[in-house]
Amino acid sequence: MDDWRESLQAELLQEDLEDLYEHAPCGYLSLLPDGIVGRVNATFLQWTGFDREALVGRTRFLDLLSVGGRVFYETHFQPLLRMQGYVREIAFEVTRRDGERLSVLVNAAQRTYPTAGVITRVTVFDATDRRRYERELLAARQRAEESAQARTDLISMISHDVRAPLSAIMTAIALLEKAGPSPQQARYI
């Protein structure tokens, strides 16, 4: 058993780092100082449907975002990134090659290279399932609140509808008792 484990560990150590980068469960991009994509992994390309040649050296990451995402990127994301050197879990929508939108969470960190300047490393997580789950939770919460309100309304209505006739019956009984009922009427009361 130990030989098998040692053999497996040796194979894992020899695994190509480039393969790990290319086929990671998240998208990786390296952005040049002007925001142009300098490097991108296969996972991101697969999610978005773009060819490597269409992005690398030609496209800014900003241009892949929805219109609202572009505004947020320029007004909040970039200033925060410049100020602290990193940004964690910012939600964006990336526009895929086919025009569809992909909900993502973005982490970014800057690194300064002596020859290239500031390079931004971006990690992109597919948040499609997370967004769907959040929408389902909100819908379930809304249904529960509507159900609770309907239950409250029903109890209030029933309370009123039962209380009014019961009050009339109690008043009639009180009047009958004051009138001095016959023995048979007293039994009915």
# chains A, B, ... in the order shown; residues from 1 in each chain; ligands from 1
$ residues_around --residues "Val67 of chain A" --least-positions-apart "3" --cutoff "12 Å" --atoms "only C-alpha atoms" --output "list in words"
Leu62, Asp63, Leu64, Arg70, Val71, Phe72, Tyr73, Glu74, Phe92, Glu93, Val94, Thr95 and Arg101 of chain A
$ write_last_selection --atoms "N, CA, C and O atoms" --output "CSV table (one decimal), in the first residue's frame"
chain,number,residue,atom,x,y,z
A,62,LEU,N,-12.3,45.0,-18.8
A,62,LEU,CA,-13.4,45.9,-18.6
A,62,LEU,C,-14.4,45.8,-19.8
A,62,LEU,O,-15.6,45.8,-19.6
A,63,ASP,N,-13.9,45.5,-21.0
A,63,ASP,CA,-14.8,45.4,-22.1
A,63,ASP,C,-15.6,44.1,-22.1
A,63,ASP,O,-16.6,44.0,-22.9
A,64,LEU,N,-15.3,43.2,-21.3
A,64,LEU,CA,-16.0,41.9,-21.2
A,64,LEU,C,-17.2,42.0,-20.2
A,64,LEU,O,-18.0,41.1,-20.1
A,70,ARG,N,-19.2,47.8,-16.0
A,70,ARG,CA,-18.2,48.7,-16.5
A,70,ARG,C,-18.1,49.9,-15.6
A,70,ARG,O,-17.1,50.4,-15.2
A,71,VAL,N,-19.3,50.5,-15.4
A,71,VAL,CA,-19.4,51.7,-14.5
A,71,VAL,C,-18.9,51.4,-13.1
A,71,VAL,O,-18.1,52.1,-12.6
A,72,PHE,N,-19.3,50.3,-12.5
A,72,PHE,CA,-18.8,49.9,-11.2
A,72,PHE,C,-17.3,49.6,-11.2
A,72,PHE,O,-16.6,50.0,-10.3
A,73,TYR,N,-16.8,49.0,-12.3
A,73,TYR,CA,-15.4,48.7,-12.4
A,73,TYR,C,-14.6,50.0,-12.3
A,73,TYR,O,-13.6,50.1,-11.6
A,74,GLU,N,-15.0,51.0,-13.1
A,74,GLU,CA,-14.3,52.2,-13.2
A,74,GLU,C,-14.4,53.1,-12.0
A,74,GLU,O,-13.5,53.8,-11.6
A,92,PHE,N,-19.8,40.5,-10.7
A,92,PHE,CA,-19.9,41.2,-12.0
A,92,PHE,C,-20.7,40.2,-12.9
A,92,PHE,O,-20.9,39.0,-12.6
A,93,GLU,N,-21.1,40.7,-14.1
A,93,GLU,CA,-21.6,39.9,-15.2
A,93,GLU,C,-20.7,40.1,-16.3
A,93,GLU,O,-20.5,41.2,-16.8
A,94,VAL,N,-20.2,38.9,-16.8
A,94,VAL,CA,-19.3,38.9,-18.0
A,94,VAL,C,-20.2,38.6,-19.2
A,94,VAL,O,-21.0,37.7,-19.1
A,95,THR,N,-20.0,39.4,-20.2
A,95,THR,CA,-20.7,39.1,-21.5
A,95,THR,C,-19.9,38.1,-22.3
A,95,THR,O,-18.8,38.3,-22.6
A,101,ARG,N,-25.0,36.5,-20.6
A,101,ARG,CA,-24.3,37.0,-19.5
A,101,ARG,C,-24.0,35.9,-18.5
A,101,ARG,O,-24.8,35.0,-18.3
$ residues_around --residues "Gln78 of chain A" --least-positions-apart "4" --cutoff "12 Å" --atoms "only C-alpha atoms" --output "list in words"
Pro33, Asp34, Gly35, Phe61, Leu62, Gly69, Arg70, Val71, Phe72, Tyr73, Glu74, Arg82, Met83, Gln84, Gly85, Tyr86, Val87, Ile90, Asn107, Ala108, Ala109, Gln110 and Thr120 of chain A
$ residues_around --residues "Gly49 of chain A" --least-positions-apart "4" --cutoff "7 Å" --atoms "only C-alpha atoms" --output "VMD selection string"
chain A and resid 45 96 to 97
$ select_by_dssp --residues "segment 23-179 of chain A" --states "strand (DSSP E or B)" --output "JSON, numbers by chain"
{"A": [27, 28, 29, 30, 31, 36, 37, 38, 39, 40, 60, 65, 86, 87, 88, 89, 90, 91, 92, 93, 94, 95, 101, 102, 103, 104, 105, 106, 107, 108, 109, 110, 111, 112, 113, 117, 118, 119, 120, 121, 122, 123, 124, 125, 126]}
$ write_last_selection --atoms "N, CA and C atoms" --output "short mmCIF file (atom, residue, chain, number, x, y, z; two decimals), in the first residue's frame"
data_model
loop_
_atom_site.label_atom_id
_atom_site.label_comp_id
_atom_site.auth_asym_id
_atom_site.auth_seq_id
_atom_site.Cartn_x
_atom_site.Cartn_y
_atom_site.Cartn_z
N GLY A 27 -11.54 30.75 -13.45
CA GLY A 27 -10.86 31.45 -14.53
C GLY A 27 -9.73 32.29 -13.99
N TYR A 28 -8.63 32.33 -14.73
CA TYR A 28 -7.48 33.17 -14.37
C TYR A 28 -7.16 34.08 -15.53
N LEU A 29 -6.93 35.35 -15.20
CA LEU A 29 -6.48 36.31 -16.20
C LEU A 29 -5.36 37.13 -15.59
N SER A 30 -4.42 37.53 -16.42
CA SER A 30 -3.40 38.49 -16.02
C SER A 30 -3.62 39.70 -16.90
N LEU A 31 -3.79 40.85 -16.26
CA LEU A 31 -4.05 42.08 -16.99
C LEU A 31 -2.82 42.96 -17.01
N ILE A 36 -5.43 45.49 -20.58
CA ILE A 36 -5.53 44.49 -21.65
C ILE A 36 -5.20 43.11 -21.08
N VAL A 37 -5.94 42.11 -21.54
CA VAL A 37 -5.68 40.73 -21.10
C VAL A 37 -4.33 40.30 -21.66
N GLY A 38 -3.43 39.94 -20.75
CA GLY A 38 -2.10 39.48 -21.15
C GLY A 38 -2.00 37.97 -21.16
N ARG A 39 -2.84 37.35 -20.33
CA ARG A 39 -2.86 35.89 -20.25
C ARG A 39 -4.22 35.47 -19.73
N VAL A 40 -4.71 34.33 -20.21
CA VAL A 40 -6.00 33.82 -19.77
C VAL A 40 -5.96 32.30 -19.81
N ARG A 60 -9.63 44.49 -23.31
CA ARG A 60 -9.54 44.85 -21.89
C ARG A 60 -10.57 44.02 -21.12
N LEU A 65 -17.27 43.13 -19.47
CA LEU A 65 -18.30 43.30 -18.46
C LEU A 65 -19.57 43.91 -19.04
N TYR A 86 -5.58 44.94 -3.71
CA TYR A 86 -6.37 43.72 -3.93
C TYR A 86 -7.85 44.05 -3.75
N VAL A 87 -8.68 43.19 -4.29
CA VAL A 87 -10.13 43.29 -4.13
C VAL A 87 -10.66 41.87 -4.01
N ARG A 88 -11.63 41.65 -3.11
CA ARG A 88 -12.16 40.32 -2.89
C ARG A 88 -13.66 40.24 -3.19
N GLU A 89 -14.05 39.20 -3.89
CA GLU A 89 -15.43 38.80 -4.15
C GLU A 89 -16.35 39.94 -4.58
N ILE A 90 -16.03 40.52 -5.70
CA ILE A 90 -16.90 41.52 -6.30
C ILE A 90 -17.72 40.83 -7.38
N ALA A 91 -19.03 41.04 -7.36
CA ALA A 91 -19.93 40.40 -8.32
C ALA A 91 -20.00 41.22 -9.60
N PHE A 92 -19.81 40.55 -10.72
CA PHE A 92 -19.93 41.16 -12.04
C PHE A 92 -20.70 40.21 -12.94
N GLU A 93 -21.11 40.74 -14.08
CA GLU A 93 -21.64 39.90 -15.16
C GLU A 93 -20.71 40.06 -16.34
N VAL A 94 -20.15 38.94 -16.79
CA VAL A 94 -19.28 38.93 -17.96
C VAL A 94 -20.16 38.61 -19.18
N THR A 95 -19.97 39.37 -20.23
CA THR A 95 -20.71 39.11 -21.46
C THR A 95 -19.95 38.08 -22.27
N ARG A 101 -25.03 36.49 -20.64
CA ARG A 101 -24.27 36.99 -19.49
C ARG A 101 -23.97 35.86 -18.52
N LEU A 102 -22.81 35.94 -17.94
CA LEU A 102 -22.35 34.95 -16.97
C LEU A 102 -22.09 35.67 -15.65
N SER A 103 -22.80 35.27 -14.59
CA SER A 103 -22.59 35.86 -13.27
C SER A 103 -21.30 35.31 -12.70
N VAL A 104 -20.43 36.22 -12.26
CA VAL A 104 -19.13 35.81 -11.73
C VAL A 104 -18.80 36.58 -10.45
N LEU A 105 -17.93 36.00 -9.67
CA LEU A 105 -17.31 36.68 -8.54
C LEU A 105 -15.85 36.86 -8.89
N VAL A 106 -15.34 38.07 -8.68
CA VAL A 106 -13.98 38.39 -9.09
C VAL A 106 -13.13 38.74 -7.88
N ASN A 107 -11.96 38.14 -7.82
CA ASN A 107 -10.91 38.52 -6.88
C ASN A 107 -9.76 39.05 -7.72
N ALA A 108 -9.10 40.08 -7.25
CA ALA A 108 -7.98 40.62 -8.01
C ALA A 108 -6.88 41.06 -7.04
N ALA A 109 -5.65 40.93 -7.51
CA ALA A 109 -4.49 41.37 -6.74
C ALA A 109 -3.46 41.94 -7.70
N GLN A 110 -2.83 43.01 -7.29
CA GLN A 110 -1.81 43.62 -8.13
C GLN A 110 -0.43 43.15 -7.70
N ARG A 111 0.43 43.04 -8.69
CA ARG A 111 1.81 42.67 -8.43
C ARG A 111 2.69 43.53 -9.32
N THR A 112 3.73 44.08 -8.75
CA THR A 112 4.62 44.96 -9.50
C THR A 112 5.85 44.19 -9.94
N TYR A 113 6.11 44.28 -11.26
CA TYR A 113 7.29 43.67 -11.85
C TYR A 113 8.23 44.80 -12.28
N GLY A 117 5.89 46.58 -14.92
CA GLY A 117 5.04 47.48 -14.15
C GLY A 117 4.03 46.69 -13.35
N VAL A 118 2.87 47.28 -13.14
CA VAL A 118 1.83 46.66 -12.32
C VAL A 118 0.98 45.73 -13.17
N ILE A 119 0.99 44.47 -12.79
CA ILE A 119 0.17 43.45 -13.44
C ILE A 119 -0.94 43.09 -12.46
N THR A 120 -2.15 42.98 -12.96
CA THR A 120 -3.29 42.60 -12.11
C THR A 120 -3.64 41.16 -12.41
N ARG A 121 -3.62 40.37 -11.38
CA ARG A 121 -4.02 38.97 -11.51
C ARG A 121 -5.47 38.86 -11.06
N VAL A 122 -6.30 38.33 -11.93
CA VAL A 122 -7.73 38.25 -11.69
C VAL A 122 -8.15 36.78 -11.62
N THR A 123 -8.87 36.44 -10.57
CA THR A 123 -9.45 35.11 -10.43
C THR A 123 -10.95 35.27 -10.55
N VAL A 124 -11.55 34.47 -11.43
CA VAL A 124 -12.98 34.58 -11.72
C VAL A 124 -13.66 33.26 -11.36
N PHE A 125 -14.71 33.37 -10.54
CA PHE A 125 -15.49 32.20 -10.14
C PHE A 125 -16.87 32.28 -10.77
N ASP A 126 -17.33 31.19 -11.35
CA ASP A 126 -18.67 31.13 -11.94
C ASP A 126 -19.68 31.14 -10.79
#
$ select_by_dssp --residues "chain A" --states "helix (DSSP H, G or I)" --output "PyMOL selection string"
chain A and resi 2-14+17-22+42-48+52-55+61-64+67-84+128-178+183-188
$ atom_distance --atom1 "atom CA of Ala139 of chain A" --atom2 "atom CA of Thr152 of chain A"
19.9 Å
$ atom_distance --atom1 "atom CA of Arg143 of chain A" --atom2 "atom CA of Arg130 of chain A"
19.9 Å
$ residues_around --residues "segment 166-177 of chain A" --least-positions-apart "4" --cutoff "9 Å" --atoms "only C-alpha atoms" --output "list in words"
Asp161, Val162, Pro181, Gln185, Ala186 and Ile189 of chain A
$ write_last_selection --atoms "all heavy atoms" --output "PDB file, in the first residue's frame"
ATOM      1  N   ASP A 161     -65.689  37.326  12.553  1.00  0.00           N
ATOM      2  CA  ASP A 161     -66.910  36.639  12.131  1.00  0.00           C
ATOM      3  C   ASP A 161     -67.479  35.731  13.219  1.00  0.00           C
ATOM      4  O   ASP A 161     -68.685  35.492  13.261  1.00  0.00           O
ATOM      5  CB  ASP A 161     -66.669  35.832  10.853  1.00  0.00           C
ATOM      6  CG  ASP A 161     -66.474  36.723   9.632  1.00  0.00           C
ATOM      7  OD1 ASP A 161     -66.682  37.947   9.772  1.00  0.00           O
ATOM      8  OD2 ASP A 161     -66.117  36.193   8.559  1.00  0.00           O
ATOM      9  N   VAL A 162     -66.642  35.216  14.076  1.00  0.00           N
ATOM     10  CA  VAL A 162     -67.116  34.359  15.161  1.00  0.00           C
ATOM     11  C   VAL A 162     -67.514  35.212  16.366  1.00  0.00           C
ATOM     12  O   VAL A 162     -68.502  34.941  17.042  1.00  0.00           O
ATOM     13  CB  VAL A 162     -66.028  33.328  15.557  1.00  0.00           C
ATOM     14  CG1 VAL A 162     -66.376  32.623  16.850  1.00  0.00           C
ATOM     15  CG2 VAL A 162     -65.832  32.334  14.431  1.00  0.00           C
ATOM     16  N   PRO A 181     -87.000  33.540  33.249  1.00  0.00           N
ATOM     17  CA  PRO A 181     -87.466  32.503  32.341  1.00  0.00           C
ATOM     18  C   PRO A 181     -88.227  31.406  33.083  1.00  0.00           C
ATOM     19  O   PRO A 181     -88.053  31.189  34.280  1.00  0.00           O
ATOM     20  CB  PRO A 181     -86.174  31.943  31.740  1.00  0.00           C
ATOM     21  CG  PRO A 181     -85.124  32.211  32.745  1.00  0.00           C
ATOM     22  CD  PRO A 181     -85.543  33.473  33.445  1.00  0.00           C
ATOM     23  N   GLN A 185     -87.474  27.219  29.825  1.00  0.00           N
ATOM     24  CA  GLN A 185     -86.562  28.183  29.188  1.00  0.00           C
ATOM     25  C   GLN A 185     -85.211  28.218  29.889  1.00  0.00           C
ATOM     26  O   GLN A 185     -84.176  28.332  29.262  1.00  0.00           O
ATOM     27  CB  GLN A 185     -87.198  29.580  29.197  1.00  0.00           C
ATOM     28  CG  GLN A 185     -88.358  29.744  28.254  1.00  0.00           C
ATOM     29  CD  GLN A 185     -89.064  31.090  28.430  1.00  0.00           C
ATOM     30  OE1 GLN A 185     -89.073  31.658  29.507  1.00  0.00           O
ATOM     31  NE2 GLN A 185     -89.707  31.555  27.348  1.00  0.00           N
ATOM     32  N   ALA A 186     -85.237  28.121  31.215  1.00  0.00           N
ATOM     33  CA  ALA A 186     -83.962  28.104  31.984  1.00  0.00           C
ATOM     34  C   ALA A 186     -83.133  26.893  31.587  1.00  0.00           C
ATOM     35  O   ALA A 186     -81.900  26.996  31.490  1.00  0.00           O
ATOM     36  CB  ALA A 186     -84.262  28.100  33.475  1.00  0.00           C
ATOM     37  N   ILE A 189     -81.583  27.673  28.326  1.00  0.00           N
ATOM     38  CA  ILE A 189     -80.500  28.654  28.484  1.00  0.00           C
ATOM     39  C   ILE A 189     -79.248  27.955  28.964  1.00  0.00           C
ATOM     40  O   ILE A 189     -78.157  28.171  28.519  1.00  0.00           O
ATOM     41  CB  ILE A 189     -80.914  29.788  29.455  1.00  0.00           C
ATOM     42  CG1 ILE A 189     -82.032  30.638  28.841  1.00  0.00           C
ATOM     43  CG2 ILE A 189     -79.739  30.658  29.797  1.00  0.00           C
ATOM     44  CD1 ILE A 189     -82.612  31.679  29.763  1.00  0.00           C
TER      45      ILE A 189
END
$ atom_distance --atom1 "atom CA of Ala144 of chain A" --atom2 "atom CA of Met157 of chain A"
19.8 Å
